[in-house]
Structures are given as C-alpha cells and as structure tokens.
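Below is one structure, written out as structure tokens; the observations come after it.
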Amino acid sequence: MNFFKKNKDLVEAKWWEETDSGKILCTLCPRYCKIGEGQPGFCYIRQNHNGKLYTLGYAKPTGFAIDPIEKKPLNHFLPGTTILSFGTAGCNLGCKFCQNWSMSKAKIDDINSLDARPEEVVKLAKKSGTPSIAYTYNDPTIFGEYVIDISKLAREENIKSVMVTAGYIDKDARKDVYKYIDAANVDLKAFTEDFYWKKTSSHLADVLDTLVWLKNETDVWIEITTLLIPDENDSSLEIKAECDWILENLGDNVPLHFTAFHPDFKMKDKDYTPEYTLLQAREIALTSGIKHCYVGNVHNREGQATYCPKCGEILIRRDWHTVISDKLVNGRCNNCNTNIEGVFG
C-alpha cells in the first residue's frame, strides 16, 4: 500500500520551494535536493507528493532507549545523568563507514517504526525520569520539524534537548531547528575536503560553518567527536590541523572526543582503530592547547576522565560510560577552584 494512503495525517515539511522545472527544491541541508513528484530526497524521508514536500519521519521514531549521556558522547553536559534517545530512518549523509547503517540507510516503510507525537515523547521522558532527550542514531537534521516541536514542549517541562549530528544543515534552517536545543555533539568526521566528499558525500566547509555558528551565535553547549579510521583520517598532521582550527575558531574549552572505528557497512576491509592511535591523538590535542580531550569506544579510564586544566586534579572519573566519582563543586575544581566550562547539575 502507498505510504501516503496509509498515513493520511502526514506533516508538510518546512524549508522547501518550488522550481521552474516543476520539481521541489529542499532547502533543509546543503545538499539542496531537487525532488520530482513521488520521489524522496537523498535522505529518503522528505518526499514530494502532489507538489508539496512532506516529512515522512515526523512522529515516526524507530525506537527509544535510555542511555548514559556520556554515550552521546557528552562529558560536560549533566554528567552522570540518563537521556532518552531516539532516531528515525534515513540520513542526509552517505558515510561509507556508517556505524548505524541499518537505520540511516533505511526508508521509513522498510523498518518497523513507532507512532509517537511530540507530546508523547516528552511524556515518556518525564515518566522515565530522564532530564534530557537526545535526537540521535541517524542525523536529526532530516527530521527537523519533529525536533522543533518536541524540543519546544520539552523546554516548557524543563527537559533538555540534545542533537547528535553531523552538522550538515542550511544556514537559515539551523536557526529554526536549534531554537530550543540545549546541547549538541557534532561529528567532525575528518579534516580534509577529500575525505568528506569521497567518504560521506558532503562537504567539510558546511560543517565547520555550523560549528562556528553554534559557538558564536547560540547558547548551545557543544562537544566534538572525530571517529578515527586507520589510514583515512588519523595522520598526526591532520589531527594537528583539526586541533589548531578548533583553537582558533572555537576556543580551548570545547571538549574533543576521538573514538575508535570498527569495520562496518562499506568499509569492512578496514582494521579496528588501535588504542594507541586514540591516545596519540589525545596527546596532540592536549599539547596543542585543547583543555579537555577524551577517547571513546575503548576502555581507557585515563582518557575518559575529566581533569582540571590548571592543577591536573581528576574531577570526574569514568569507567566506560559510567561516572564513578564527581568532585566538581558548582562547576569548579574542588582543589584550586578553577572554573570548568560546561553545564553541570
């Protein structure tokens, strides 16, 4: 049965315009898909139906989970708390190394999606006792309308909203999508245009622009994650260039996470990322001047702990995604009273 016949209450999308060719121009992300009648865009879940663009992912999550917030990963935003996580089908990037491809490369009618209106998502967060909601698993940019409606209701209930995203979004659309967002972890997938274009079918400059905008023009707390893939984006020179850019454009207080790759999707021929590669990248970041750098997808307590950048005191100890101890006092080092940037409860 046709998806539109089964779902008569579909929500019309924002961020699109008609073109002279009769196709619809989607203006949500820098891909700017031109979509013909009955066709979806690159992301699969924004479709032209009778000359209007609809968002097939609205109120159609693929499932919910309660995660530690450190799993997003966010280490300086309400550490030690839980977060209600969900995503939809589809994605606006084409990462060959996607670690969640069963969702991101699926169409909404290819998987068993749920029905959950925005008010039901917020109600679930309240019932679960999670202080935050994460829009994650696939890229929440593509279900921006859903994000806006949930995050607005969540803010009214004093529940935080977190975007886990690649940051590939149009300059105008992001003003709407992030209006009620409290924190974001942005995947900076590499630091060369060659990698971005060949491995993700997107462009580095657009992601960097989003990061600068988030830092300078919003109150959104940001952290950055780079998945290091052997012989693809893990050279010392590239890591140093990334760190230098962060320092120059975002400052030294934005936490940076280097995480380990595992063979998946279209890059199963690659090896797992060695732990020493992550630790070397972390050392480059700290030596460059970044105050907080972490390693992920490996068990390394030293690389997962939060330190005072002034006196070196271990302030938050972690074992994988579990906080073992937290010595922060009102967001300050308990030893030297240095302020630690972040959002701490």
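Chains: A, B, ... in order of the structure tokens. Residues: from 1 per chain. Ligands: from 1, in order shown.
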Within 12 Å of stretch 17-39 of chain A, which residues of stretch 199-239 of chain A come that close, and what is the closest atom pair and distance in Å for each? Count only C-alpha atoms and give it as CSV.
residue,atom,partner,partner_atom,distance
A:Thr200,CA,A:Arg31,CA,11.9
A:Ser201,CA,A:Arg31,CA,9.2
A:Ser202,CA,A:Arg31,CA,7.6
A:His203,CA,A:Pro30,CA,8.6
A:Leu204,CA,A:Pro30,CA,11.0
A:Ala205,CA,A:Pro30,CA,10.4
A:Asp206,CA,A:Pro30,CA,7.4
A:Val207,CA,A:Pro30,CA,9.8
A:Asp209,CA,A:Pro30,CA,11.5
A:Thr210,CA,A:Cys29,CA,11.2
With all heavy atoms retained, export the selected residues as a tab-separated table (two decimals), in the first residue's frame.
chain	number	residue	atom	x	y	z
A	200	THR	N	31.79	10.62	2.62
A	200	THR	CA	30.50	10.97	3.22
A	200	THR	C	29.54	11.64	2.24
A	200	THR	O	28.39	11.89	2.58
A	200	THR	CB	30.69	11.93	4.42
A	200	THR	OG1	30.97	13.25	3.95
A	200	THR	CG2	31.80	11.46	5.34
A	201	SER	N	30.01	11.95	1.03
A	201	SER	CA	29.19	12.65	0.01
A	201	SER	C	28.69	14.00	0.53
A	201	SER	O	27.55	14.40	0.26
A	201	SER	CB	28.00	11.78	-0.43
A	201	SER	OG	28.45	10.56	-0.97
A	202	SER	N	29.51	14.67	1.30
A	202	SER	CA	29.17	16.00	1.80
A	202	SER	C	30.42	16.87	1.78
A	202	SER	O	31.45	16.47	1.22
A	202	SER	CB	28.57	15.92	3.21
A	202	SER	OG	29.52	15.40	4.13
A	203	HIS	N	30.34	18.05	2.39
A	203	HIS	CA	31.46	19.00	2.32
A	203	HIS	C	31.87	19.49	3.70
A	203	HIS	O	31.03	19.82	4.55
A	203	HIS	CB	31.08	20.19	1.45
A	203	HIS	CG	30.75	19.83	0.03
A	203	HIS	ND1	31.71	19.45	-0.88
A	203	HIS	CD2	29.56	19.76	-0.63
A	203	HIS	CE1	31.14	19.18	-2.05
A	203	HIS	NE2	29.84	19.35	-1.91
A	204	LEU	N	33.16	19.54	3.92
A	204	LEU	CA	33.73	19.95	5.20
A	204	LEU	C	33.36	21.38	5.58
A	204	LEU	O	33.02	21.66	6.73
A	204	LEU	CB	35.26	19.80	5.15
A	204	LEU	CG	36.06	20.35	6.34
A	204	LEU	CD1	35.67	19.65	7.63
A	204	LEU	CD2	37.56	20.21	6.06
A	205	ALA	N	33.41	22.30	4.63
A	205	ALA	CA	33.22	23.73	4.94
A	205	ALA	C	31.86	23.99	5.58
A	205	ALA	O	31.75	24.84	6.47
A	205	ALA	CB	33.37	24.56	3.67
A	206	ASP	N	30.83	23.27	5.15
A	206	ASP	CA	29.50	23.48	5.71
A	206	ASP	C	29.43	23.07	7.18
A	206	ASP	O	28.75	23.71	7.99
A	206	ASP	CB	28.46	22.69	4.90
A	206	ASP	CG	28.35	23.19	3.47
A	206	ASP	OD1	27.93	24.34	3.27
A	206	ASP	OD2	28.69	22.42	2.56
A	207	VAL	N	30.14	22.01	7.53
A	207	VAL	CA	30.17	21.54	8.91
A	207	VAL	C	30.94	22.52	9.79
A	207	VAL	O	30.50	22.86	10.90
A	207	VAL	CB	30.79	20.13	8.99
A	207	VAL	CG1	30.83	19.64	10.44
A	207	VAL	CG2	30.01	19.15	8.12
A	209	ASP	N	31.28	25.65	9.27
A	209	ASP	CA	30.45	26.84	9.40
A	209	ASP	C	29.38	26.65	10.49
A	209	ASP	O	29.10	27.57	11.27
A	209	ASP	CB	29.78	27.17	8.07
A	209	ASP	CG	29.05	28.49	8.10
A	209	ASP	OD1	29.72	29.54	8.07
A	209	ASP	OD2	27.81	28.49	8.19
A	210	THR	N	28.79	25.46	10.55
A	210	THR	CA	27.81	25.17	11.59
A	210	THR	C	28.44	25.23	12.97
A	210	THR	O	27.85	25.78	13.92
A	210	THR	CB	27.18	23.78	11.37
A	210	THR	OG1	26.43	23.79	10.15
A	210	THR	CG2	26.25	23.39	12.52
Review point. So which residues of stretch 74-174 of chain A fall under alpha helix (DSSP H) by DSSP, listed as a PyMOL selection string?
Key: chain A and resi 101-104+118-128+144-156+173-174
The selected residues should be written to file as an mmCIF file, in the first residue's frame (atoms: N, CA and C atoms).
data_model
loop_
_atom_site.group_PDB
_atom_site.id
_atom_site.type_symbol
_atom_site.label_atom_id
_atom_site.label_comp_id
_atom_site.auth_asym_id
_atom_site.auth_seq_id
_atom_site.Cartn_x
_atom_site.Cartn_y
_atom_site.Cartn_z
ATOM 1 N N TRP A 101 24.107 1.946 9.993
ATOM 2 C CA TRP A 101 23.559 1.993 8.643
ATOM 3 C C TRP A 101 22.190 1.316 8.517
ATOM 4 N N SER A 102 21.853 0.379 9.415
ATOM 5 C CA SER A 102 20.569 -0.304 9.300
ATOM 6 C C SER A 102 19.397 0.666 9.472
ATOM 7 N N MET A 103 19.646 1.783 10.180
ATOM 8 C CA MET A 103 18.629 2.819 10.321
ATOM 9 C C MET A 103 18.857 3.954 9.331
ATOM 10 N N SER A 104 20.092 4.418 9.230
ATOM 11 C CA SER A 104 20.365 5.610 8.433
ATOM 12 C C SER A 104 20.187 5.375 6.935
ATOM 13 N N PRO A 118 4.897 14.496 19.397
ATOM 14 C CA PRO A 118 5.849 15.216 20.258
ATOM 15 C C PRO A 118 5.486 15.187 21.739
ATOM 16 N N GLU A 119 4.212 15.372 22.042
ATOM 17 C CA GLU A 119 3.806 15.378 23.449
ATOM 18 C C GLU A 119 3.994 14.005 24.104
ATOM 19 N N GLU A 120 3.919 12.941 23.291
ATOM 20 C CA GLU A 120 4.129 11.597 23.830
ATOM 21 C C GLU A 120 5.601 11.343 24.129
ATOM 22 N N VAL A 121 6.480 11.916 23.313
ATOM 23 C CA VAL A 121 7.919 11.778 23.560
ATOM 24 C C VAL A 121 8.300 12.474 24.865
ATOM 25 N N VAL A 122 7.796 13.676 25.053
ATOM 26 C CA VAL A 122 8.081 14.431 26.282
ATOM 27 C C VAL A 122 7.502 13.705 27.495
ATOM 28 N N LYS A 123 6.323 13.161 27.314
ATOM 29 C CA LYS A 123 5.677 12.419 28.406
ATOM 30 C C LYS A 123 6.514 11.196 28.787
ATOM 31 N N LEU A 124 7.080 10.531 27.789
ATOM 32 C CA LEU A 124 7.924 9.364 28.038
ATOM 33 C C LEU A 124 9.188 9.754 28.797
ATOM 34 N N ALA A 125 9.772 10.896 28.427
ATOM 35 C CA ALA A 125 10.964 11.377 29.139
ATOM 36 C C ALA A 125 10.646 11.652 30.604
ATOM 37 N N LYS A 126 9.498 12.267 30.857
ATOM 38 C CA LYS A 126 9.088 12.561 32.234
ATOM 39 C C LYS A 126 8.856 11.260 33.011
ATOM 40 N N LYS A 127 8.181 10.327 32.383
ATOM 41 C CA LYS A 127 7.892 9.054 33.030
ATOM 42 C C LYS A 127 9.174 8.282 33.337
ATOM 43 N N SER A 128 10.156 8.398 32.441
ATOM 44 C CA SER A 128 11.424 7.677 32.591
ATOM 45 C C SER A 128 12.371 8.375 33.562
ATOM 46 N N GLY A 144 13.925 17.700 11.241
ATOM 47 C CA GLY A 144 13.980 18.963 11.957
ATOM 48 C C GLY A 144 12.636 19.454 12.475
ATOM 49 N N GLU A 145 11.573 19.245 11.712
ATOM 50 C CA GLU A 145 10.243 19.677 12.152
ATOM 51 C C GLU A 145 9.837 18.978 13.456
ATOM 52 N N TYR A 146 10.134 17.706 13.522
ATOM 53 C CA TYR A 146 9.843 16.884 14.708
ATOM 54 C C TYR A 146 10.691 17.356 15.894
ATOM 55 N N VAL A 147 11.961 17.638 15.613
ATOM 56 C CA VAL A 147 12.876 18.145 16.646
ATOM 57 C C VAL A 147 12.342 19.448 17.243
ATOM 58 N N ILE A 148 11.930 20.364 16.387
ATOM 59 C CA ILE A 148 11.429 21.661 16.857
ATOM 60 C C ILE A 148 10.237 21.484 17.790
ATOM 61 N N ASP A 149 9.273 20.674 17.371
ATOM 62 C CA ASP A 149 8.046 20.529 18.152
ATOM 63 C C ASP A 149 8.296 19.817 19.483
ATOM 64 N N ILE A 150 9.184 18.814 19.474
ATOM 65 C CA ILE A 150 9.497 18.121 20.730
ATOM 66 C C ILE A 150 10.299 19.029 21.659
ATOM 67 N N SER A 151 11.337 19.659 21.128
ATOM 68 C CA SER A 151 12.219 20.466 21.982
ATOM 69 C C SER A 151 11.500 21.671 22.574
ATOM 70 N N LYS A 152 10.539 22.212 21.848
ATOM 71 C CA LYS A 152 9.752 23.330 22.383
ATOM 72 C C LYS A 152 8.922 22.866 23.585
ATOM 73 N N LEU A 153 8.237 21.739 23.445
ATOM 74 C CA LEU A 153 7.453 21.200 24.544
ATOM 75 C C LEU A 153 8.353 20.774 25.708
ATOM 76 N N ALA A 154 9.510 20.201 25.376
ATOM 77 C CA ALA A 154 10.444 19.753 26.412
ATOM 78 C C ALA A 154 10.931 20.926 27.253
ATOM 79 N N ARG A 155 11.243 22.036 26.600
ATOM 80 C CA ARG A 155 11.715 23.205 27.346
ATOM 81 C C ARG A 155 10.646 23.694 28.316
ATOM 82 N N GLU A 156 9.401 23.634 27.909
ATOM 83 C CA GLU A 156 8.313 24.052 28.795
ATOM 84 C C GLU A 156 8.228 23.165 30.035
ATOM 85 N N ALA A 173 17.871 27.230 7.907
ATOM 86 C CA ALA A 173 17.123 26.173 8.584
ATOM 87 C C ALA A 173 17.645 25.930 9.998
ATOM 88 N N ARG A 174 18.943 26.046 10.196
ATOM 89 C CA ARG A 174 19.503 25.742 11.517
ATOM 90 C C ARG A 174 19.005 26.714 12.588
#
Revision key, fill the gap. Of A:Phe191, A:Trp197, A:Asn297, A:Asp219, the one nearest to A:Tyr178 when counting only C-alpha atoms is A:Asp219
With the cut-off set at 12 Å and counting only C-alpha atoms, tabulate each residue of stretch 108-197 of chain A with an atom at most that distance from an atom of stretch 249-254 of chain A, showing the nearest atom pair and its distance in Å to one decimal, ordered by chain and increasing number, as a tab-separated table.
residue	atom	partner	partner_atom	distance
A:Ala183	CA	A:Val254	CA	11.9
A:Ala184	CA	A:Val254	CA	11.3
A:Asn185	CA	A:Val254	CA	10.4
A:Val186	CA	A:Val254	CA	11.1
Okay, now the selection with N, CA, C and O atoms, as a PDB file, in the first residue's frame?
ATOM      1  N   ALA A 183      22.136  21.357  23.886  1.00  0.00           N
ATOM      2  CA  ALA A 183      23.493  20.847  23.683  1.00  0.00           C
ATOM      3  C   ALA A 183      23.553  20.068  22.377  1.00  0.00           C
ATOM      4  O   ALA A 183      22.540  19.580  21.877  1.00  0.00           O
ATOM      5  N   ALA A 184      24.770  19.964  21.842  1.00  0.00           N
ATOM      6  CA  ALA A 184      24.965  19.201  20.610  1.00  0.00           C
ATOM      7  C   ALA A 184      26.341  18.558  20.618  1.00  0.00           C
ATOM      8  O   ALA A 184      27.321  19.180  21.042  1.00  0.00           O
ATOM      9  N   ASN A 185      26.389  17.314  20.185  1.00  0.00           N
ATOM     10  CA  ASN A 185      27.672  16.714  19.845  1.00  0.00           C
ATOM     11  C   ASN A 185      27.728  16.645  18.324  1.00  0.00           C
ATOM     12  O   ASN A 185      26.866  16.024  17.691  1.00  0.00           O
ATOM     13  N   VAL A 186      28.711  17.315  17.763  1.00  0.00           N
ATOM     14  CA  VAL A 186      28.840  17.399  16.307  1.00  0.00           C
ATOM     15  C   VAL A 186      29.963  16.481  15.847  1.00  0.00           C
ATOM     16  O   VAL A 186      31.096  16.564  16.331  1.00  0.00           O
TER      17      VAL A 186
END
**Study point:** Polymer residues at most 8 Å from A:Val343, only C-alpha atoms, same-chain spacing of 6 or more positions, as a ChimeraX atom specification
**Key:** /A:76-78,221,331
Point to revise | Of the listed residues A:Leu328, A:Cys243, A:Ala59, A:Ala190, that which approaches A:Ile316 most closely, counting only C-alpha atoms | key: A:Leu328
Check your understanding: Nearest to A:His299: which of A:Ala260, A:Cys333, A:Leu74, A:Cys311 is it, counting only C-alpha atoms?
Key ->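 Of A:Ala260, A:Cys333, A:Leu74, A:Cys311, the one nearest A:His299 is A:Ala260, counting only C-alpha atoms.
Those residues that approach A:Thr273 to within 9 Å, counting only C-alpha atoms, are Leu228, Ile229, Pro230, Thr259, Ala260, Phe261, His262, Thr277 and Leu278 of chain A; same-chain residues fewer than 4 positions away are not listed.
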Writer output for current selection, N, CA, C and O atoms, as a compact mmCIF listing (two decimals), in the first residue's frame:
# COMPACT_ATOMS: atom_id res chain seq x y z
N LEU A 228 38.21 8.08 14.35
CA LEU A 228 39.48 7.91 13.65
C LEU A 228 39.51 6.56 12.93
O LEU A 228 39.37 5.50 13.57
N ILE A 229 39.69 6.60 11.61
CA ILE A 229 39.70 5.40 10.77
C ILE A 229 41.13 5.18 10.29
O ILE A 229 41.73 6.09 9.70
N PRO A 230 41.70 4.01 10.53
CA PRO A 230 43.09 3.76 10.14
C PRO A 230 43.38 4.11 8.68
O PRO A 230 42.65 3.71 7.77
N THR A 259 37.25 8.80 18.83
CA THR A 259 36.65 7.49 19.07
C THR A 259 37.14 6.46 18.06
O THR A 259 37.59 6.80 16.96
N ALA A 260 37.05 5.21 18.46
CA ALA A 260 37.58 4.11 17.65
C ALA A 260 36.56 3.61 16.64
O ALA A 260 35.38 3.43 16.95
N PHE A 261 37.05 3.36 15.46
CA PHE A 261 36.26 2.80 14.35
C PHE A 261 36.23 1.27 14.46
O PHE A 261 37.20 0.64 14.88
N HIS A 262 35.08 0.68 14.08
CA HIS A 262 35.04 -0.76 13.86
C HIS A 262 34.53 -1.02 12.44
O HIS A 262 33.72 -0.25 11.92
N THR A 277 46.47 4.83 18.76
CA THR A 277 46.16 5.92 17.82
C THR A 277 45.30 6.97 18.50
O THR A 277 45.52 8.18 18.34
N LEU A 278 44.31 6.53 19.28
CA LEU A 278 43.45 7.46 20.01
C LEU A 278 44.25 8.22 21.06
O LEU A 278 44.09 9.45 21.21
Review point. Of the residues A:Gly167, A:Gly90, A:Gly342, A:Pro309, which is the one nearest to A:Gln47, using only C-alpha atoms?
Key: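 Going through A:Gly167, A:Gly90, A:Gly342, A:Pro309 one by one, the smallest distance to A:Gln47 is for A:Gly90.
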Practice item. Give me the residues within 12 Å of A:Thr165 as number ranges by chain, counting only C-alpha atoms and dropping any in the same chain fewer than 5 places off. Key: A: 72-73, 87, 91-93, 134-144, 174, 177-178, 183-189, 207, 210-211, 222-226
Exercise for review: List the neighbours of A:Cys293 out to 6 Å using only C-alpha atoms; skip same-chain residues closer than 2 positions along the sequence, and give me the result as a ChimeraX atom specification.
Suggested key: /A:255-257,282
**Study point:** Interatomic distance, atom CA of A:Thr55 to atom CA of A:Lys96 (Å, one decimal)
**Key:**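 Going from atom CA of A:Thr55 over to atom CA of A:Lys96 covers 24.7 Å.
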